[in-house]
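First the structure, in the form of structure tokens, and then the observations on it.
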Amino acid sequence: MSGAVPSDFLAQPSIDAGLAKEVQEALDHVEKLLRETVSSSDPLLTEAASHLLSAGGKRFRASLVLLASHFGDPHAPELVRAAAVVELTHVATLYHDDVMDEAELRRGEPSANQRWGNSVAILTGDYVFARASEILADLGTDAVRMQARTFGRLVQGQILETAGPQDGADPLEHYLRVISDKTASLIASSAEFGAMFSRSGPQITRTITRACDALGMAFQLADDILDVAGESSESGKVPGTDLREGVLTLPMLYALRPADAGGAADGRLRELLGRPLDDAETEEALALLRSHTAMEEARRTTREWADQARAELATLPAGPPRAAFEALCDYVVRRTG
């Protein structure tokens, strides 16, 4: 599971132009630091570690650090490094995810495991995370502790996803816990870093962290819906990837509930969901699921998480930073169609 935000997000009319300009200028510094950080004396390692950074990522988590910093001092010297840390942490997990998922594409390009093999991809992910840790060490023990806690949740989420729900457990609750750990935790930590290092104050820091935790849930739910309803140009991966791999996401889990067994296609859809599919079966499952009422139910759940984020944001000081986060909530919902 992963997702992206359009590169023109900061250019939306609802985003203050001055704020967008400041964030973009800071992102340019983050980008430079990212390139420098993954450079190695070994050409193969430099190429592999630069692979995903060069493949069109939108620096969403880094942007959250910088946006959140505008509730305090956005020129605090730690912010560029903090933004680089969360982005490198995210990228490191992608190398490992692609190995575990046997992914062929990432951000529209051949995945590292397809290009160099699993061993190089795993070691590259380790290297990227190690370089993030080097930067982190200069940001203080609180930042190290917070990042360690977040990374623990990322790993826990991956293990939970790999193991699947235990016998008798609710598959929907298990799925939501997985995305809370795998996706929402780092998105929330990104905002927390931004507020913390900009010295926004403890109340604002706690609020923006809670808001972005809910936003992270909506973000991943939207991405999982997009894997069914979208096109490869939108998501950077082949539509139906989760279906093809037998991964159950929110639309599939809703379609599998007994209460949904009313359509003529439900029986066949149930046969297809939750197991690896060939190309023809994937196309069949996509067609059946796209027309199923479960899709609208999944969209409604995504809106509920975005509304939860908005409710937290509504308690923050009014102004361009809050408006930018509210616009991001609107965008996440729009992605689902």
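How things are named: the first chain in the structure tokens is A, the next is B, and so on; residues count from 1 in each chain; ligands count from 1 in the order shown.
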
- Message: If DSSP is run on the backbone, what residues of range 12-254 of chain A are helix (DSSP H, G or I)? A reply as a PyMOL selection string would be ideal.
- Response: chain A and resi 17-37+43-51+60-71+79-101+112-116+118-137+141-163+171-197+202-229+232-235+241-245+250-254

- Could you give me, as number ranges by chain, the residues within 7 Å of range 161-164 of chain A, counting only C-alpha atoms and dropping anything in the same chain fewer than 3 positions from it? A: 157-158, 178

- Message: If DSSP is run on the backbone, what residues of range 69-282 of chain A are strand (DSSP E)? A reply as an NGL selection string would be ideal.
- Response: :A and (105-106 or 109-110)

- For Ser50 in chain A, work out the shell of residues within 10 Å, counting only C-alpha atoms and skipping chain neighbours fewer than 4 positions away, then give it as an NGL selection string. :A and (34-39 or 44-46 or 54-55 or 91 or 124 or 128)

Restricted to all heavy atoms, what would the selected residues look like written as an mmCIF file, in the first residue's frame?
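Output saved as again-v7.cif:
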data_model
loop_
_atom_site.group_PDB
_atom_site.id
_atom_site.type_symbol
_atom_site.label_atom_id
_atom_site.label_comp_id
_atom_site.auth_asym_id
_atom_site.auth_seq_id
_atom_site.Cartn_x
_atom_site.Cartn_y
_atom_site.Cartn_z
ATOM 1 N N LEU A 34 18.338 15.082 0.180
ATOM 2 C CA LEU A 34 18.041 13.680 -0.118
ATOM 3 C C LEU A 34 19.056 13.096 -1.084
ATOM 4 O O LEU A 34 19.563 11.982 -0.887
ATOM 5 C CB LEU A 34 16.632 13.557 -0.722
ATOM 6 C CG LEU A 34 15.448 13.833 0.203
ATOM 7 C CD1 LEU A 34 14.149 13.827 -0.602
ATOM 8 C CD2 LEU A 34 15.382 12.814 1.331
ATOM 9 N N ARG A 35 19.369 13.829 -2.135
ATOM 10 C CA ARG A 35 20.331 13.346 -3.138
ATOM 11 C C ARG A 35 21.714 13.167 -2.527
ATOM 12 O O ARG A 35 22.412 12.182 -2.797
ATOM 13 C CB ARG A 35 20.402 14.329 -4.313
ATOM 14 C CG ARG A 35 19.084 14.606 -4.989
ATOM 15 C CD ARG A 35 18.569 13.417 -5.761
ATOM 16 N NE ARG A 35 17.223 13.646 -6.271
ATOM 17 C CZ ARG A 35 16.582 12.812 -7.066
ATOM 18 N NH1 ARG A 35 17.159 11.679 -7.418
ATOM 19 N NH2 ARG A 35 15.354 13.075 -7.481
ATOM 20 N N GLU A 36 22.100 14.133 -1.720
ATOM 21 C CA GLU A 36 23.425 14.053 -1.091
ATOM 22 C C GLU A 36 23.491 12.880 -0.114
ATOM 23 O O GLU A 36 24.510 12.188 -0.019
ATOM 24 C CB GLU A 36 23.728 15.356 -0.354
ATOM 25 C CG GLU A 36 23.921 16.556 -1.269
ATOM 26 C CD GLU A 36 24.019 17.861 -0.489
ATOM 27 O OE1 GLU A 36 23.750 17.828 0.743
ATOM 28 O OE2 GLU A 36 24.341 18.900 -1.090
ATOM 29 N N THR A 37 22.404 12.649 0.583
ATOM 30 C CA THR A 37 22.398 11.639 1.638
ATOM 31 C C THR A 37 22.552 10.230 1.100
ATOM 32 O O THR A 37 23.218 9.388 1.715
ATOM 33 C CB THR A 37 21.099 11.752 2.457
ATOM 34 O OG1 THR A 37 21.015 13.049 3.039
ATOM 35 C CG2 THR A 37 21.049 10.708 3.563
ATOM 36 N N VAL A 38 21.937 9.923 -0.039
ATOM 37 C CA VAL A 38 21.993 8.549 -0.555
ATOM 38 C C VAL A 38 23.202 8.314 -1.453
ATOM 39 O O VAL A 38 23.394 7.202 -1.948
ATOM 40 C CB VAL A 38 20.702 8.183 -1.328
ATOM 41 C CG1 VAL A 38 19.489 8.287 -0.420
ATOM 42 C CG2 VAL A 38 20.522 9.055 -2.566
ATOM 43 N N SER A 39 24.017 9.322 -1.645
ATOM 44 C CA SER A 39 25.224 9.147 -2.455
ATOM 45 C C SER A 39 26.228 8.284 -1.705
ATOM 46 O O SER A 39 26.424 8.422 -0.495
ATOM 47 C CB SER A 39 25.840 10.513 -2.774
ATOM 48 O OG SER A 39 27.011 10.362 -3.544
ATOM 49 N N LEU A 44 26.974 1.214 -7.636
ATOM 50 C CA LEU A 44 25.737 0.430 -7.633
ATOM 51 C C LEU A 44 24.825 0.877 -6.495
ATOM 52 O O LEU A 44 23.619 1.066 -6.689
ATOM 53 C CB LEU A 44 26.041 -1.061 -7.497
ATOM 54 C CG LEU A 44 24.811 -1.973 -7.302
ATOM 55 C CD1 LEU A 44 23.837 -1.844 -8.472
ATOM 56 C CD2 LEU A 44 25.256 -3.424 -7.112
ATOM 57 N N LEU A 45 25.405 1.067 -5.318
ATOM 58 C CA LEU A 45 24.602 1.479 -4.178
ATOM 59 C C LEU A 45 24.011 2.864 -4.398
ATOM 60 O O LEU A 45 22.846 3.114 -4.082
ATOM 61 C CB LEU A 45 25.440 1.452 -2.895
ATOM 62 C CG LEU A 45 24.704 1.726 -1.579
ATOM 63 C CD1 LEU A 45 23.485 0.812 -1.424
ATOM 64 C CD2 LEU A 45 25.650 1.559 -0.401
ATOM 65 N N THR A 46 24.803 3.764 -4.961
ATOM 66 C CA THR A 46 24.277 5.105 -5.253
ATOM 67 C C THR A 46 23.132 5.030 -6.246
ATOM 68 O O THR A 46 22.091 5.672 -6.064
ATOM 69 C CB THR A 46 25.391 6.009 -5.817
ATOM 70 O OG1 THR A 46 26.416 6.150 -4.838
ATOM 71 C CG2 THR A 46 24.854 7.380 -6.178
ATOM 72 N N SER A 54 14.392 9.157 -7.690
ATOM 73 C CA SER A 54 14.365 9.728 -9.039
ATOM 74 C C SER A 54 13.123 9.328 -9.824
ATOM 75 O O SER A 54 12.959 9.742 -10.973
ATOM 76 C CB SER A 54 15.608 9.279 -9.814
ATOM 77 O OG SER A 54 16.787 9.654 -9.144
ATOM 78 N N ALA A 55 12.248 8.528 -9.197
ATOM 79 C CA ALA A 55 11.127 7.948 -9.941
ATOM 80 C C ALA A 55 9.828 8.735 -9.808
ATOM 81 O O ALA A 55 8.761 8.209 -10.099
ATOM 82 C CB ALA A 55 10.911 6.500 -9.491
ATOM 83 N N VAL A 91 10.815 6.050 1.936
ATOM 84 C CA VAL A 91 11.429 5.410 0.758
ATOM 85 C C VAL A 91 12.066 4.078 1.142
ATOM 86 O O VAL A 91 11.959 3.084 0.408
ATOM 87 C CB VAL A 91 12.462 6.358 0.118
ATOM 88 C CG1 VAL A 91 13.308 5.621 -0.916
ATOM 89 C CG2 VAL A 91 11.746 7.538 -0.543
ATOM 90 N N THR A 124 19.422 -2.127 -0.004
ATOM 91 C CA THR A 124 19.281 -0.701 -0.324
ATOM 92 C C THR A 124 18.311 -0.030 0.631
ATOM 93 O O THR A 124 18.558 1.082 1.106
ATOM 94 C CB THR A 124 18.807 -0.528 -1.775
ATOM 95 O OG1 THR A 124 19.759 -1.125 -2.668
ATOM 96 C CG2 THR A 124 18.664 0.949 -2.122
ATOM 97 N N VAL A 128 19.252 3.123 3.034
ATOM 98 C CA VAL A 128 18.514 4.395 3.058
ATOM 99 C C VAL A 128 18.051 4.708 4.472
ATOM 100 O O VAL A 128 18.146 5.854 4.935
ATOM 101 C CB VAL A 128 17.328 4.344 2.075
ATOM 102 C CG1 VAL A 128 16.432 5.570 2.239
ATOM 103 C CG2 VAL A 128 17.834 4.250 0.637
#

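Around range 264-276 of chain A, within 10 Å and counting only C-alpha atoms, the residues found are Asp242, Leu243, Arg244, Glu245, Gly246, Val247, Leu248, Thr249, Met252, Leu253, Ala255, Leu256, Arg257, Asp260, Ala261, Gly262, Asp278, Asp279, Glu281, Thr282, Glu284, Ala285, Leu286, Ala287, Leu288, Leu289, Ser291 and His292 of chain A, once anything fewer than 2 positions away on its own chain is removed.
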
- Message: With only C-alpha atoms as the counted atoms, please give the residues lying no more than 10 Å from Val120 in chain A, apart from itself and same-chain residues fewer than 6 positions off, as a PyMOL selection string.
- Response: chain A and resi 44-45+48-49+95+112-113+126

With the cut-off set at 10 Å and counting only C-alpha atoms, tabulate each residue of range 176-263 of chain A with an atom at most that distance from an atom of range 76-84 of chain A, showing the nearest atom pair and its distance in Å to one decimal, ordered by chain and increasing number, as a Markdown table.
| residue | atom | partner | partner_atom | distance |
| --- | --- | --- | --- | --- |
| A:Ser190 | CA | A:Ala83 | CA | 7.3 |
| A:Ala191 | CA | A:Ala83 | CA | 9.6 |
| A:Phe193 | CA | A:Ala82 | CA | 6.6 |
| A:Gly194 | CA | A:Leu79 | CA | 6.6 |
| A:Ala195 | CA | A:Leu79 | CA | 9.5 |
| A:Met196 | CA | A:Leu79 | CA | 9.4 |
| A:Phe197 | CA | A:Glu78 | CA | 6.3 |
| A:Ser198 | CA | A:Ala76 | CA | 5.7 |
| A:Arg199 | CA | A:Ala76 | CA | 8.5 |

Given the selection you just returned, output its residues as a file containing C-alpha atoms, formatted as a PDB file, in the first residue's frame.
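Ended up saving to part-v4.pdb:
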ATOM      1  CA  SER A 190       5.649  14.018   9.772  1.00  0.00           C
ATOM      2  CA  ALA A 191       3.226  16.655  11.012  1.00  0.00           C
ATOM      3  CA  PHE A 193       8.046  16.783  13.489  1.00  0.00           C
ATOM      4  CA  GLY A 194       7.016  19.972  11.716  1.00  0.00           C
ATOM      5  CA  ALA A 195       5.095  21.359  14.663  1.00  0.00           C
ATOM      6  CA  MET A 196       7.678  20.248  17.196  1.00  0.00           C
ATOM      7  CA  PHE A 197      10.748  21.690  15.482  1.00  0.00           C
ATOM      8  CA  SER A 198       8.953  24.931  14.606  1.00  0.00           C
ATOM      9  CA  ARG A 199       8.124  25.257  18.303  1.00  0.00           C
TER      10      ARG A 199
END
